Amino acid sequence: MPGCVIHGAGDLRVEELPVPEPGPGQALVAVRYGGVCGSDLHYWRHGGVGDFRLREPMLLGHEVVGTVVSYGAGASGPVPGTAVAVHPATPCGRCPECADGRPNVCRDTRYLGSAARFPHVQGGFAGRLAVPAGQLRVLPDGLGLRRAALAEPLAVALHAVRRAGDVRGRHVLVTGSGPIGCLVVAAARAAGAARVTATDLLPAALAHAAVAGADTLVRADDPDDAGWPAEADVTVEASGVAAGLDRCLRLVRRSGVVVQLGMLPPGPTPFAGNLVVSRELELRGAFRFDTEFDTALDLLATREELAGLITATVPVRSAESAFELAADRTRSCKVLLDFADAADAADGGDGAEGVDGAGS
């Protein structure tokens, strides 16, 4: 079966890998779609993301959906052929963070396609994926596999908005309108925000933020600051650049909340710390998610327009062109890898087309 393996910066290979056998407690999934995430792009471009650096070849991918194939010893779950999304995290369940109900920051978690630990956790960009059966989520009625591929990044966005607190009736500013930023817009809307402003350097990205539900769109490089709000109740930094954090700190109201979601470049980052003191701001981090994954699937089942954020679906054997497209934000928002041919080659057809609703 084909798999997308990163060997170092600029060295992405589609390799033939053995089909895994599900071990005890595991399920085997025929992967249909895999979303190319910003972290996947960072591994490809820079050999790492944030402070997590590649130390060995790693199968990429953590935004994966497909159909159940079989189970290992002692495992059970949805019947084979069922369409599922895969929750990518396996927290340890023993550390202080897990005991405190915050498994998303588990100090010993295993997360698909992540170099945060060594040996790295291999990812899901392959024709078949063996994972703990408890990580499978059956898709809600009306949700096809293609749109369901947005569940993981939407869960990240939902967690960021949850970290901000109650946003009902409030004005939320989102800096950065990449896939995650756009989904933060959607999450803020779902949480009852009265107004959502989205910013970006690129008109194409702002157009996608409008699809997600943004009321106001602002060019981040406007020299006259036209369109920028005087202040917002909550700001969410989703661009991953220091300038975005600076804007968030300066434009949130006094005693407001700033959520840092974008992964900043490795090393120290200067920021307007005095504003945190003099305006008594709350600066909160947001990392991954937990139960928000299930919420994301339910939300996707009712928000058909979010399929508009998926701008391309590329066969897995053309993975490098998919990564190049995903890295060009003038031409894309969310790019999916399609593993349909890989599944057909493995078992003569898994029926994935039959469970993927058209246009979903």
# chains A, B, ... in the order shown; residues from 1 in each chain; ligands from 1

call {"tool": "closest_atom_pairs", "arguments": {"of": "region 254-358 of chain A", "to": "region 170-179 of chain A", "cutoff": "12 Å", "atoms": "only C-alpha atoms", "output": "CSV"}}
result
residue,atom,partner,partner_atom,distance
A:Gly256,CA,A:Val172,CA,10.6
A:Val257,CA,A:Val172,CA,9.9
A:Val258,CA,A:Leu173,CA,9.5
A:Val259,CA,A:Val174,CA,9.5
A:Gln260,CA,A:Thr175,CA,10.1
A:Leu261,CA,A:Thr175,CA,10.0
A:Gly262,CA,A:Gly176,CA,8.6
A:Met263,CA,A:Gly176,CA,11.8
A:Leu306,CA,A:Pro179,CA,10.5
A:Ala307,CA,A:Pro179,CA,11.6
A:Gly308,CA,A:Pro179,CA,11.0
A:Leu309,CA,A:Pro179,CA,7.3
A:Ile310,CA,A:Pro179,CA,8.9
A:Thr311,CA,A:Pro179,CA,10.5
A:Ala326,CA,A:Pro179,CA,10.1
A:Ala327,CA,A:Gly178,CA,10.4
A:Asp328,CA,A:Gly178,CA,10.7
A:Arg329,CA,A:Gly178,CA,7.6
A:Thr330,CA,A:Gly178,CA,10.5
A:Arg331,CA,A:Gly178,CA,11.6
A:Ser332,CA,A:Gly178,CA,9.1
A:Cys333,CA,A:Pro179,CA,5.7
A:Lys334,CA,A:Pro179,CA,5.9
A:Val335,CA,A:Pro179,CA,9.5
A:Leu336,CA,A:Pro179,CA,12.0

call {"tool": "closest_residue", "arguments": {"among": "A:Phe339, A:Tyr111, A:Phe293, A:Phe52", "to": "Gly66 (chain A)", "atoms": "only C-alpha atoms"}}
result
A:Phe339

call {"tool": "atom_distance", "arguments": {"atom1": "CA of Val105 (chain A)", "atom2": "CA of His120 (chain A)"}}
result
17.0 Å

call {"tool": "atom_distance", "arguments": {"atom1": "CA of Thr269 (chain A)", "atom2": "CA of Ala155 (chain A)"}}
result
26.3 Å

call {"tool": "atom_distance", "arguments": {"atom1": "CA of Leu299 (chain A)", "atom2": "CA of Ala27 (chain A)"}}
result
25.3 Å

call {"tool": "residues_around", "arguments": {"residues": "Asp166 (chain A)", "least_positions_apart": "3", "cutoff": "12 Å", "atoms": "only C-alpha atoms", "output": "PyMOL selection string"}}
result
chain A and resi 160-163+169-172+188-194+233-234+256-257

call {"tool": "write_last_selection", "arguments": {"atoms": "all heavy atoms", "output": "compact mmCIF listing (two decimals), in the first residue's frame"}}
result
# COMPACT_ATOMS: atom_id res chain seq x y z
N ALA A 160 -10.14 25.91 20.78
CA ALA A 160 -9.62 27.28 20.95
C ALA A 160 -10.73 28.22 21.41
O ALA A 160 -10.52 29.06 22.31
CB ALA A 160 -9.01 27.77 19.65
N VAL A 161 -11.90 28.09 20.81
CA VAL A 161 -13.02 28.95 21.20
C VAL A 161 -13.48 28.61 22.62
O VAL A 161 -13.80 29.50 23.42
CB VAL A 161 -14.17 28.83 20.20
CG1 VAL A 161 -15.43 29.56 20.69
CG2 VAL A 161 -13.75 29.39 18.84
N ARG A 162 -13.46 27.34 22.97
CA ARG A 162 -13.80 26.95 24.34
C ARG A 162 -12.81 27.55 25.34
O ARG A 162 -13.21 27.97 26.44
CB ARG A 162 -13.83 25.43 24.45
CG ARG A 162 -14.19 24.93 25.85
CD ARG A 162 -14.35 23.42 25.87
NE ARG A 162 -15.53 22.98 25.12
CZ ARG A 162 -15.92 21.72 25.03
NH1 ARG A 162 -15.23 20.75 25.62
NH2 ARG A 162 -17.00 21.41 24.34
N ARG A 163 -11.54 27.60 24.96
CA ARG A 163 -10.53 28.20 25.85
C ARG A 163 -10.79 29.68 26.06
O ARG A 163 -10.37 30.25 27.08
CB ARG A 163 -9.14 27.99 25.24
CG ARG A 163 -8.64 26.57 25.28
CD ARG A 163 -8.18 26.17 26.67
NE ARG A 163 -6.96 26.89 27.05
CZ ARG A 163 -6.63 27.21 28.30
NH1 ARG A 163 -7.44 26.91 29.30
NH2 ARG A 163 -5.48 27.83 28.53
N GLY A 169 -22.81 36.56 22.16
CA GLY A 169 -23.08 37.99 22.08
C GLY A 169 -21.85 38.86 21.99
O GLY A 169 -21.97 40.10 22.05
N ARG A 170 -20.67 38.26 21.81
CA ARG A 170 -19.43 39.03 21.83
C ARG A 170 -18.82 39.15 20.45
O ARG A 170 -19.20 38.46 19.51
CB ARG A 170 -18.44 38.38 22.79
CG ARG A 170 -18.94 38.38 24.22
CD ARG A 170 -17.89 37.97 25.20
NE ARG A 170 -18.34 38.14 26.58
CZ ARG A 170 -17.58 37.99 27.64
NH1 ARG A 170 -16.30 37.64 27.51
NH2 ARG A 170 -18.05 38.16 28.86
N HIS A 171 -17.84 40.05 20.36
CA HIS A 171 -17.10 40.27 19.12
C HIS A 171 -15.78 39.51 19.21
O HIS A 171 -14.97 39.73 20.12
CB HIS A 171 -16.83 41.77 18.94
CG HIS A 171 -16.05 42.08 17.71
ND1 HIS A 171 -15.45 43.31 17.50
CD2 HIS A 171 -15.74 41.34 16.60
CE1 HIS A 171 -14.81 43.30 16.33
NE2 HIS A 171 -14.99 42.12 15.78
N VAL A 172 -15.58 38.60 18.26
CA VAL A 172 -14.38 37.78 18.22
C VAL A 172 -13.54 38.18 17.00
O VAL A 172 -14.05 38.23 15.87
CB VAL A 172 -14.72 36.28 18.15
CG1 VAL A 172 -13.45 35.44 18.04
CG2 VAL A 172 -15.54 35.86 19.37
N ALA A 188 -16.64 29.96 16.37
CA ALA A 188 -17.13 31.12 17.11
C ALA A 188 -18.59 31.39 16.80
O ALA A 188 -19.39 31.71 17.68
CB ALA A 188 -16.27 32.35 16.79
N ARG A 189 -18.94 31.24 15.53
CA ARG A 189 -20.34 31.39 15.14
C ARG A 189 -21.22 30.36 15.85
O ARG A 189 -22.29 30.69 16.39
CB ARG A 189 -20.47 31.21 13.63
CG ARG A 189 -20.20 32.45 12.84
CD ARG A 189 -21.44 33.32 12.91
NE ARG A 189 -21.21 34.57 12.23
CZ ARG A 189 -21.45 35.76 12.75
NH1 ARG A 189 -21.87 35.85 14.00
NH2 ARG A 189 -21.28 36.85 12.07
N ALA A 190 -20.76 29.11 15.86
CA ALA A 190 -21.53 28.05 16.50
C ALA A 190 -21.68 28.29 17.99
O ALA A 190 -22.67 27.87 18.60
CB ALA A 190 -20.87 26.70 16.25
N ALA A 191 -20.71 28.98 18.60
CA ALA A 191 -20.75 29.26 20.03
C ALA A 191 -21.54 30.51 20.37
O ALA A 191 -21.63 30.88 21.55
CB ALA A 191 -19.33 29.38 20.57
N GLY A 192 -22.10 31.18 19.36
CA GLY A 192 -22.99 32.30 19.62
C GLY A 192 -22.36 33.67 19.54
O GLY A 192 -22.97 34.65 20.00
N ALA A 193 -21.18 33.79 18.95
CA ALA A 193 -20.57 35.12 18.80
C ALA A 193 -21.48 36.02 17.98
O ALA A 193 -22.06 35.60 16.98
CB ALA A 193 -19.20 35.00 18.13
N ALA A 194 -21.59 37.27 18.40
CA ALA A 194 -22.45 38.22 17.70
C ALA A 194 -21.78 38.77 16.45
O ALA A 194 -22.45 39.11 15.47
CB ALA A 194 -22.82 39.37 18.63
N ASP A 233 -13.84 41.73 22.02
CA ASP A 233 -13.97 41.12 23.35
C ASP A 233 -13.00 39.96 23.52
O ASP A 233 -12.45 39.74 24.60
CB ASP A 233 -15.39 40.61 23.55
CG ASP A 233 -16.41 41.72 23.48
OD1 ASP A 233 -16.32 42.66 24.28
OD2 ASP A 233 -17.29 41.65 22.60
N VAL A 234 -12.80 39.21 22.42
CA VAL A 234 -11.92 38.04 22.42
C VAL A 234 -11.12 38.07 21.13
O VAL A 234 -11.66 38.40 20.06
CB VAL A 234 -12.74 36.73 22.48
CG1 VAL A 234 -11.83 35.52 22.24
CG2 VAL A 234 -13.46 36.61 23.80
N GLY A 256 -9.73 41.64 28.50
CA GLY A 256 -10.20 40.66 27.52
C GLY A 256 -9.31 39.43 27.48
O GLY A 256 -8.31 39.32 28.21
N VAL A 257 -9.69 38.50 26.60
CA VAL A 257 -9.01 37.21 26.49
C VAL A 257 -8.36 37.09 25.12
O VAL A 257 -8.99 37.34 24.09
CB VAL A 257 -9.98 36.04 26.71
CG1 VAL A 257 -9.29 34.69 26.48
CG2 VAL A 257 -10.58 36.09 28.11

call {"tool": "closest_residue", "arguments": {"among": "A:Ala126, A:Ala149, A:Val138, A:Ala83", "to": "Pro2 (chain A)", "atoms": "only C-alpha atoms"}}
result
A:Ala126

call {"tool": "closest_residue", "arguments": {"among": "A:Val218, A:Cys248, A:Val68, A:Met58", "to": "Gly123 (chain A)", "atoms": "only C-alpha atoms"}}
result
A:Met58

call {"tool": "select_by_dssp", "arguments": {"residues": "region 149-273 of chain A", "states": "alpha helix (DSSP H)", "output": "MDAnalysis selection string"}}
result
chainID A and resid 151:164 179:190 203:212 242:251 273
